[in-house]
file start_13.txt (compact mmCIF, C-alpha atoms and all ligand atoms)
# COMPACT_ATOMS: atom_id res chain seq x y z
CA MET A 1 54.02 34.01 54.25
CA GLY A 2 53.66 37.01 56.49
CA GLN A 3 51.35 39.01 58.66
CA LEU A 4 49.89 42.46 59.25
CA VAL A 5 51.44 44.71 61.88
CA GLU A 6 49.23 47.73 62.52
CA GLY A 7 47.98 47.70 58.97
CA VAL A 8 51.39 47.08 57.34
CA TRP A 9 52.29 43.77 55.65
CA LYS A 10 55.49 42.10 56.97
CA ASP A 11 56.79 39.09 55.08
CA GLU A 12 58.12 36.71 57.75
CA TRP A 13 57.92 33.00 58.61
CA TYR A 14 56.39 31.81 61.89
CA ASP A 15 58.56 32.74 64.84
CA THR A 16 59.61 29.51 66.53
CA ASP A 17 62.84 30.90 68.05
CA SER A 18 61.06 32.42 71.02
CA THR A 19 59.10 29.22 71.74
CA GLY A 20 61.83 26.55 71.79
CA GLY A 21 60.99 25.44 68.26
CA GLU A 22 57.25 25.11 68.84
CA PHE A 23 54.61 26.38 66.41
CA LYS A 24 52.04 28.50 68.26
CA ARG A 25 48.86 29.27 66.35
CA ASP A 26 47.69 32.88 66.44
CA THR A 27 44.21 33.49 67.86
CA SER A 28 41.48 34.61 65.45
CA LYS A 29 40.74 38.33 65.74
CA PHE A 30 37.21 38.65 64.30
CA ARG A 31 34.79 36.76 66.51
CA ASN A 32 31.30 38.12 65.83
CA TRP A 33 28.35 35.82 65.11
CA VAL A 34 25.56 35.75 62.58
CA THR A 35 22.38 35.05 64.55
CA VAL A 36 18.71 34.55 63.68
CA ASP A 37 17.69 38.04 64.82
CA GLY A 38 21.00 39.91 64.71
CA SER A 39 21.53 39.87 68.48
CA ALA A 40 25.10 39.35 69.68
CA GLY A 41 26.36 35.75 69.80
CA PRO A 42 28.66 34.12 72.36
CA THR A 43 31.50 36.53 71.46
CA GLY A 44 31.83 39.88 69.69
CA GLY A 45 29.13 42.37 68.75
CA GLY A 46 25.64 42.13 67.27
CA GLY A 47 24.09 43.42 64.06
CA PHE A 48 24.65 40.35 61.88
CA MET A 49 21.25 38.90 61.13
CA ALA A 50 20.91 35.71 59.09
CA GLU A 51 19.74 36.72 55.62
CA GLY A 52 20.14 35.04 52.23
CA GLY A 53 22.67 36.77 49.97
CA ARG A 54 24.10 39.01 52.69
CA TYR A 55 27.34 37.16 53.48
CA HIS A 56 30.39 36.18 51.44
CA LEU A 57 32.94 33.53 52.31
CA TYR A 58 36.65 33.68 51.44
CA VAL A 59 38.26 30.23 51.47
CA SER A 60 41.20 28.20 50.29
CA HIS A 61 40.41 24.74 48.97
CA ALA A 62 43.72 23.64 50.50
CA CYS A 63 42.95 24.71 54.03
CA PRO A 64 41.36 22.22 56.45
CA TRP A 65 39.82 25.03 58.55
CA ALA A 66 38.22 26.70 55.54
CA HIS A 67 37.14 23.31 54.25
CA ARG A 68 34.93 22.82 57.31
CA THR A 69 32.97 25.93 56.39
CA LEU A 70 32.48 24.75 52.80
CA ILE A 71 31.22 21.38 54.05
CA PHE A 72 28.70 23.06 56.36
CA ARG A 73 27.67 25.43 53.58
CA SER A 74 26.95 22.38 51.45
CA ILE A 75 25.27 20.05 53.97
CA LYS A 76 23.14 22.90 55.36
CA GLY A 77 21.87 23.98 51.95
CA LEU A 78 23.54 27.40 52.04
CA GLU A 79 25.10 27.33 48.59
CA ASP A 80 22.48 29.64 47.05
CA HIS A 81 22.63 32.01 50.02
CA ILE A 82 26.34 32.50 50.72
CA ASP A 83 28.68 33.00 47.77
CA VAL A 84 32.37 32.15 47.84
CA SER A 85 35.71 33.47 46.62
CA VAL A 86 38.50 30.89 46.42
CA VAL A 87 42.12 32.02 46.84
CA HIS A 88 45.05 30.76 44.76
CA PRO A 89 46.64 27.69 46.38
CA GLU A 90 50.17 29.12 46.57
CA MET A 91 50.64 31.21 49.69
CA LEU A 92 53.95 33.01 49.18
CA LYS A 93 55.51 36.32 50.25
CA ASP A 94 52.25 38.24 49.90
CA GLY A 95 50.20 35.64 51.77
CA TRP A 96 46.93 34.45 50.25
CA GLU A 97 46.38 35.95 46.80
CA LEU A 98 43.06 36.45 45.04
CA LYS A 99 44.39 35.40 41.64
CA ASP A 100 42.39 33.18 39.33
CA ASP A 101 45.15 31.55 37.25
CA PHE A 102 44.73 28.10 38.79
CA PRO A 103 41.71 25.87 38.11
CA GLY A 104 39.07 26.55 40.75
CA ALA A 105 40.68 29.76 42.08
CA THR A 106 38.09 32.49 41.51
CA GLY A 107 39.78 35.79 42.32
CA ASP A 108 37.90 38.26 44.53
CA LYS A 109 34.29 38.07 43.37
CA GLN A 110 33.25 41.06 45.47
CA PHE A 111 35.81 43.81 45.00
CA GLY A 112 38.40 42.49 42.54
CA LEU A 113 41.15 42.94 45.16
CA LYS A 114 44.52 41.22 44.70
CA TYR A 115 45.38 40.06 48.19
CA LEU A 116 43.32 38.64 51.03
CA ARG A 117 45.05 41.07 53.39
CA GLU A 118 43.20 43.89 51.61
CA ILE A 119 39.92 42.36 52.79
CA TYR A 120 41.26 42.45 56.37
CA LEU A 121 42.34 46.06 55.90
CA LYS A 122 38.93 47.03 54.53
CA ALA A 123 37.44 45.73 57.78
CA LYS A 124 40.14 47.21 60.01
CA PRO A 125 42.75 49.55 58.48
CA ASP A 126 45.16 49.03 61.40
CA ALA A 127 44.65 45.24 61.62
CA SER A 128 47.46 43.19 63.16
CA GLY A 129 47.95 39.45 63.00
CA ARG A 130 47.89 36.66 60.48
CA VAL A 131 45.73 36.89 57.40
CA THR A 132 43.96 33.56 57.42
CA VAL A 133 41.13 31.77 55.68
CA PRO A 134 38.24 31.29 56.17
CA VAL A 135 36.81 34.82 56.34
CA LEU A 136 33.07 35.49 56.57
CA TRP A 137 32.32 38.94 55.14
CA ASP A 138 29.14 40.97 55.72
CA LYS A 139 28.14 42.90 52.59
CA THR A 140 25.63 45.05 54.48
CA SER A 141 27.96 46.57 57.05
CA GLY A 142 31.09 46.08 54.94
CA THR A 143 33.14 44.23 57.50
CA ILE A 144 34.41 40.82 58.59
CA VAL A 145 31.99 38.93 60.79
CA SER A 146 34.40 36.16 61.70
CA ASN A 147 37.68 34.54 60.71
CA GLU A 148 37.27 31.58 63.07
CA SER A 149 36.12 28.39 61.36
CA ALA A 150 34.90 26.77 64.59
CA ASP A 151 32.45 29.66 65.08
CA ILE A 152 31.46 29.90 61.41
CA ILE A 153 30.37 26.26 61.24
CA ARG A 154 28.27 26.69 64.40
CA MET A 155 26.55 29.69 62.78
CA PHE A 156 25.97 27.73 59.58
CA ASN A 157 24.60 24.81 61.59
CA SER A 158 21.66 26.75 62.99
CA ALA A 159 21.42 30.50 62.28
CA PHE A 160 20.15 30.21 58.69
CA ASN A 161 17.54 27.46 59.19
CA ALA A 162 14.62 29.80 58.46
CA VAL A 163 16.38 31.00 55.29
CA THR A 164 17.16 27.52 53.95
CA GLY A 165 14.40 25.41 55.48
CA ASN A 166 17.15 22.94 56.47
CA ASP A 167 16.85 21.90 60.13
CA ASP A 168 19.58 19.23 60.18
CA ASP A 169 21.42 19.65 63.46
CA PHE A 170 25.05 18.55 63.72
CA CYS A 171 25.30 19.98 67.25
CA PRO A 172 22.21 18.62 69.03
CA PRO A 173 21.95 20.00 72.58
CA ASP A 174 22.06 16.55 74.21
CA LEU A 175 25.38 15.77 72.55
CA LEU A 176 26.96 19.21 72.86
CA GLU A 177 29.07 18.47 75.90
CA GLN A 178 30.43 15.30 74.28
CA ILE A 179 31.04 17.10 70.98
CA ASP A 180 32.96 19.88 72.74
CA ALA A 181 35.08 17.35 74.64
CA VAL A 182 36.00 15.41 71.48
CA ASN A 183 36.67 18.69 69.63
CA ALA A 184 39.04 19.89 72.35
CA ARG A 185 41.29 16.83 72.11
CA VAL A 186 41.02 16.57 68.32
CA TYR A 187 41.82 20.27 67.87
CA ASP A 188 44.91 20.24 70.04
CA THR A 189 46.43 16.92 69.02
CA VAL A 190 45.13 16.25 65.51
CA ASN A 191 43.83 19.37 63.64
CA ASN A 192 46.54 21.58 65.09
CA GLY A 193 48.77 18.64 66.02
CA VAL A 194 49.82 18.00 62.42
CA TYR A 195 50.85 21.66 62.10
CA LYS A 196 52.74 21.56 65.38
CA ALA A 197 54.66 18.51 64.13
CA GLY A 198 55.21 19.94 60.66
CA PHE A 199 56.35 23.43 61.65
CA ALA A 200 58.45 22.35 64.66
CA THR A 201 62.05 23.50 64.38
CA THR A 202 63.50 21.34 67.16
CA GLN A 203 63.34 17.58 67.72
CA GLU A 204 61.77 18.16 71.15
CA ALA A 205 58.97 20.29 69.74
CA TYR A 206 58.31 17.72 67.01
CA ASP A 207 58.24 14.82 69.48
CA LYS A 208 55.91 16.78 71.76
CA ALA A 209 53.40 17.07 68.93
CA VAL A 210 53.76 13.83 67.00
CA VAL A 211 53.43 11.41 69.92
CA PRO A 212 50.05 12.78 71.13
CA LEU A 213 48.89 12.94 67.50
CA PHE A 214 49.26 9.19 67.05
CA GLU A 215 47.90 8.49 70.55
CA SER A 216 44.78 10.38 69.50
CA LEU A 217 44.49 8.50 66.21
CA ASP A 218 44.65 5.22 68.18
CA TRP A 219 41.99 6.57 70.57
CA ILE A 220 39.76 7.55 67.62
CA GLU A 221 40.26 4.16 65.98
CA GLY A 222 38.99 2.61 69.24
CA ILE A 223 35.91 4.84 69.33
CA LEU A 224 35.09 4.07 65.70
CA ALA A 225 35.46 0.33 66.33
CA GLU A 226 32.54 0.59 68.78
CA ASN A 227 30.51 3.48 67.33
CA ARG A 228 29.56 4.56 63.87
CA TYR A 229 30.57 8.17 64.61
CA LEU A 230 32.78 9.99 67.12
CA THR A 231 30.00 10.74 69.59
CA GLY A 232 27.87 7.65 68.99
CA GLN A 233 25.25 6.83 66.39
CA TRP A 234 24.74 10.36 64.98
CA LEU A 235 27.03 12.21 62.64
CA THR A 236 27.98 15.48 64.36
CA GLU A 237 30.20 18.53 64.05
CA ALA A 238 32.94 16.55 65.81
CA ASP A 239 33.16 14.18 62.84
CA TRP A 240 33.31 16.99 60.29
CA ARG A 241 36.00 18.83 62.25
CA LEU A 242 38.18 15.72 62.27
CA PHE A 243 37.40 14.78 58.68
CA THR A 244 39.15 17.68 56.94
CA THR A 245 42.45 16.81 58.66
CA ILE A 246 42.08 13.07 57.97
CA LEU A 247 41.34 13.77 54.30
CA ARG A 248 44.71 15.54 53.91
CA PHE A 249 46.70 13.17 56.07
CA ASP A 250 48.14 10.56 53.71
CA ALA A 251 48.58 12.98 50.81
CA VAL A 252 50.28 15.74 52.80
CA TYR A 253 50.77 15.46 56.55
CA HIS A 254 52.30 11.97 56.43
CA THR A 255 55.07 13.22 54.12
CA HIS A 256 55.32 17.00 54.32
CA PHE A 257 54.69 17.31 58.09
CA LYS A 258 56.58 14.09 59.01
CA CYS A 259 53.49 12.48 60.59
CA ASN A 260 54.60 9.10 59.37
CA ARG A 261 54.17 6.55 62.12
CA ARG A 262 51.11 5.29 60.25
CA ARG A 263 48.86 6.30 57.38
CA ILE A 264 45.09 6.68 57.65
CA VAL A 265 44.60 3.68 55.35
CA ASP A 266 46.33 1.60 58.04
CA TYR A 267 43.48 2.20 60.51
CA PRO A 268 40.59 0.00 59.33
CA ASN A 269 37.78 1.84 61.14
CA LEU A 270 39.09 5.36 60.68
CA TRP A 271 39.67 4.79 56.98
CA ASP A 272 36.19 3.28 56.54
CA TRP A 273 34.62 6.22 58.47
CA ALA A 274 36.62 8.73 56.38
CA ARG A 275 35.27 7.24 53.14
CA GLU A 276 31.72 7.40 54.47
CA LEU A 277 32.13 11.12 55.19
CA TYR A 278 33.77 11.75 51.82
CA GLN A 279 30.82 10.05 50.15
CA TRP A 280 28.22 11.99 52.17
CA PRO A 281 25.97 13.91 49.71
CA GLY A 282 27.60 17.16 48.62
CA VAL A 283 30.96 16.58 50.32
CA ALA A 284 33.11 15.17 47.50
CA ASP A 285 32.43 18.37 45.51
CA THR A 286 34.12 20.38 48.27
CA VAL A 287 37.35 18.33 47.96
CA HIS A 288 40.14 19.63 45.70
CA PHE A 289 43.32 17.59 46.01
CA ASP A 290 45.05 19.72 43.35
CA HIS A 291 44.75 22.78 45.64
CA ILE A 292 45.76 20.74 48.68
CA THR A 293 49.00 19.35 47.29
CA ARG A 294 49.94 22.54 45.43
CA HIS A 295 49.43 24.66 48.53
CA TYR A 296 51.38 22.67 51.07
CA TYR A 297 54.29 21.55 48.93
CA TYR A 298 54.71 25.02 47.36
CA SER A 299 54.06 27.40 50.23
CA HIS A 300 56.35 26.25 53.02
CA ASP A 301 59.89 27.10 51.90
CA MET A 302 61.28 26.13 55.28
CA VAL A 303 59.86 22.62 55.00
CA ASN A 304 60.12 21.92 51.26
CA PRO A 305 62.48 24.49 49.67
CA HIS A 306 62.55 22.87 46.22
CA ARG A 307 58.76 22.66 45.95
CA ILE A 308 58.84 19.11 44.69
CA VAL A 309 55.37 17.57 44.85
CA PRO A 310 55.52 13.86 45.72
CA ILE A 311 53.91 11.37 43.36
CA GLY A 312 51.43 9.63 45.63
CA PRO A 313 49.62 8.12 47.26
CA ASP A 314 46.98 6.57 45.01
CA THR A 315 44.04 6.57 47.39
CA ASP A 316 40.56 5.54 46.30
CA TRP A 317 38.13 7.73 48.24
CA THR A 318 35.24 6.36 46.24
CA ALA A 319 35.73 2.72 47.31
CA PRO A 320 32.56 1.57 49.09
CA HIS A 321 32.58 1.88 52.89
CA THR A 322 31.04 -0.67 55.21
CA ARG A 323 29.82 1.62 58.00
CA GLY A 324 26.14 0.87 57.47
N1 LIG A 401 41.70 29.46 63.76
C1 LIG A 401 41.60 29.66 62.39
C2 LIG A 401 42.84 29.15 61.68
C3 LIG A 401 42.78 29.36 60.20
C4 LIG A 401 44.18 29.17 59.55
O1 LIG A 401 45.22 29.13 60.22
N2 LIG A 401 44.19 29.07 58.21
C5 LIG A 401 45.45 28.94 57.51
C6 LIG A 401 45.31 28.12 56.25
S1 LIG A 401 45.18 26.41 56.52
C7 LIG A 401 45.94 30.28 57.05
O2 LIG A 401 45.20 31.02 56.42
N3 LIG A 401 47.21 30.59 57.33
C8 LIG A 401 47.82 31.80 56.92
C9 LIG A 401 48.88 32.24 57.89
O3 LIG A 401 49.03 31.64 58.96
O4 LIG A 401 49.56 33.21 57.58
C10 LIG A 401 40.35 28.96 61.93
O5 LIG A 401 40.13 27.81 62.31
O6 LIG A 401 39.57 29.58 61.22

call {"tool": "encode", "arguments": {"input": "start_13.txt", "output": "structure tokens"}}
result
Amino acid sequence: MGQLVEGVWKDEWYDTDSTGGEFKRDTSKFRNWVTVDGSAGPTGGGGFMAEGGRYHLYVSHACPWAHRTLIFRSIKGLEDHIDVSVVHPEMLKDGWELKDDFPGATGDKQFGLKYLREIYLKAKPDASGRVTVPVLWDKTSGTIVSNESADIIRMFNSAFNAVTGNDDDFCPPDLLEQIDAVNARVYDTVNNGVYKAGFATTQEAYDKAVVPLFESLDWIEGILAENRYLTGQWLTEADWRLFTTILRFDAVYHTHFKCNRRRIVDYPNLWDWARELYQWPGVADTVHFDHITRHYYYSHDMVNPHRIVPIGPDTDWTAPHTRG
């Protein structure tokens, strides 16, 4: 685990000393957008037009943020248009490695590089900051378009429609405000909340994260008791953004990140909803529990120094849901 400082790799754990034990997530540094005509998007510069075969995605199957992008790639019919390199699940002193000696890890399909940081350095030789997945790479200009999953899934939702012929819209304009509001709470207290609980190094910092996390799960359970999906009767981006955290919850966050007030299977509506999303066409193929457990239990020395992978739970994601 480490980061780049002006182009040089420094192996160091997250600094929680300067923040009273709290984990603070670094901001993503590459924030350009692929657009229909190559004009600039909401942030960053232009020049990234939606074209089949032009972009490459670097992901980890363990990572909930990268997982969102793989789900959108699948449900938006982008699989033949955007190819993927999958990192090795263990993230150790060199950060994410592009090795292929684990089932499903592909190595670097573009350049044969060893470390994901080398992709960052190709884009920006003096890059500083964390080397994270996902990364969307532009083969034409030879640079990183974006390393922010929230932006990448918005691009995938609409920019490539003319390329794929898929017009499904998971961010319809009339629901956008509601989607953004749900996303804001879910991001802070659930998606990032589990990390804040798990990487906290003081009791206060842990309490500050874990209490709002379970308040939000109760709030979500209430919404899903009344509505099929988070923003009503249509499945939207808000559901997919929550899903990748919920999928990992009982297997990892409940144990490894000490988020153990309740399990997801203890929330009848949330658990039913989660199975519906898992069973959505194309989604189960994006799920790799072997990468998920190997990554978390192996990569965080500070949390699990002996790298023992717990035995359970036995969860049946294929059990029929009753959301219809
Ligand atoms: N804001 C980023 C966060 C991505 C992120 O933190 N990914 C984790 C994996 S789950 C990572 O690569 N961490 C490496 C590190 O922090 O050094 C996004 O949503 O794309």

call {"tool": "atom_distance", "arguments": {"input": "start_13.txt", "atom1": "atom CA of A:Val133", "atom2": "atom CA of A:Ser146"}}
result
10.0 Å

call {"tool": "residues_near_ligand", "arguments": {"input": "start_13.txt", "ligand": "ligand LIG 401 (chain A)", "cutoff": "8 Å", "atoms": "all atoms listed in the file", "output": "list in words"}}
result
Met1, Gly2, Gln3, Tyr14, Arg25, Asp26, Thr27, Ser28, Ser60, Ala62, Cys63, Pro64, Trp65, Ala66, Met91, Gly95, Trp96, Arg130, Val131, Thr132, Val133, Pro134, Val135, Asn147, Glu148, Ser149 and Ala150 of chain A

call {"tool": "closest_residue", "arguments": {"input": "start_13.txt", "among": "A:Glu118, A:Glu204, A:Asp83, A:Glu215", "to": "A:Arg185", "atoms": "all atoms listed in the file"}}
result
A:Glu215

call {"tool": "residues_around", "arguments": {"input": "start_13.txt", "residues": "stretch 218-225 of chain A", "least_positions_apart": "5", "cutoff": "7 Å", "atoms": "all atoms listed in the file", "output": "ChimeraX atom specification"}}
result
/A:230,267,269-270

call {"tool": "atom_distance", "arguments": {"input": "start_13.txt", "atom1": "atom CA of A:Pro320", "atom2": "atom CA of A:Asp272"}}
result
8.5 Å

call {"tool": "closest_residue", "arguments": {"input": "start_13.txt", "among": "A:Ile308, A:Leu175, A:Cys259, A:Ala181", "to": "A:Gly232", "atoms": "all atoms listed in the file"}}
result
A:Leu175

call {"tool": "atom_distance", "arguments": {"input": "start_13.txt", "atom1": "atom CA of A:Pro268", "atom2": "atom CA of A:Tyr253"}}
result
18.7 Å

call {"tool": "residues_around", "arguments": {"input": "start_13.txt", "residues": "A:Pro313", "least_positions_apart": "5", "cutoff": "12 Å", "atoms": "all atoms listed in the file", "output": "list in words"}}
result
Arg248, Phe249, Asp250, Ala251, Val252, Tyr253, His254, Thr255, Arg263, Ile264, Val265, Phe289 and Thr293 of chain A

call {"tool": "residues_near_point", "arguments": {"input": "start_13.txt", "point": "(31.6, 10.6, 48.9)", "cutoff": "12 Å", "atoms": "all atoms listed in the file", "output": "ChimeraX atom specification"}}
result
/A:71,247,272-287,316-321

call {"tool": "residues_around", "arguments": {"input": "start_13.txt", "residues": "A:Phe170", "least_positions_apart": "4", "cutoff": "12 Å", "atoms": "all atoms listed in the file", "output": "ChimeraX atom specification"}}
result
/A:71-72,75-76,153-158,166,174-176,179,229,231,234-241
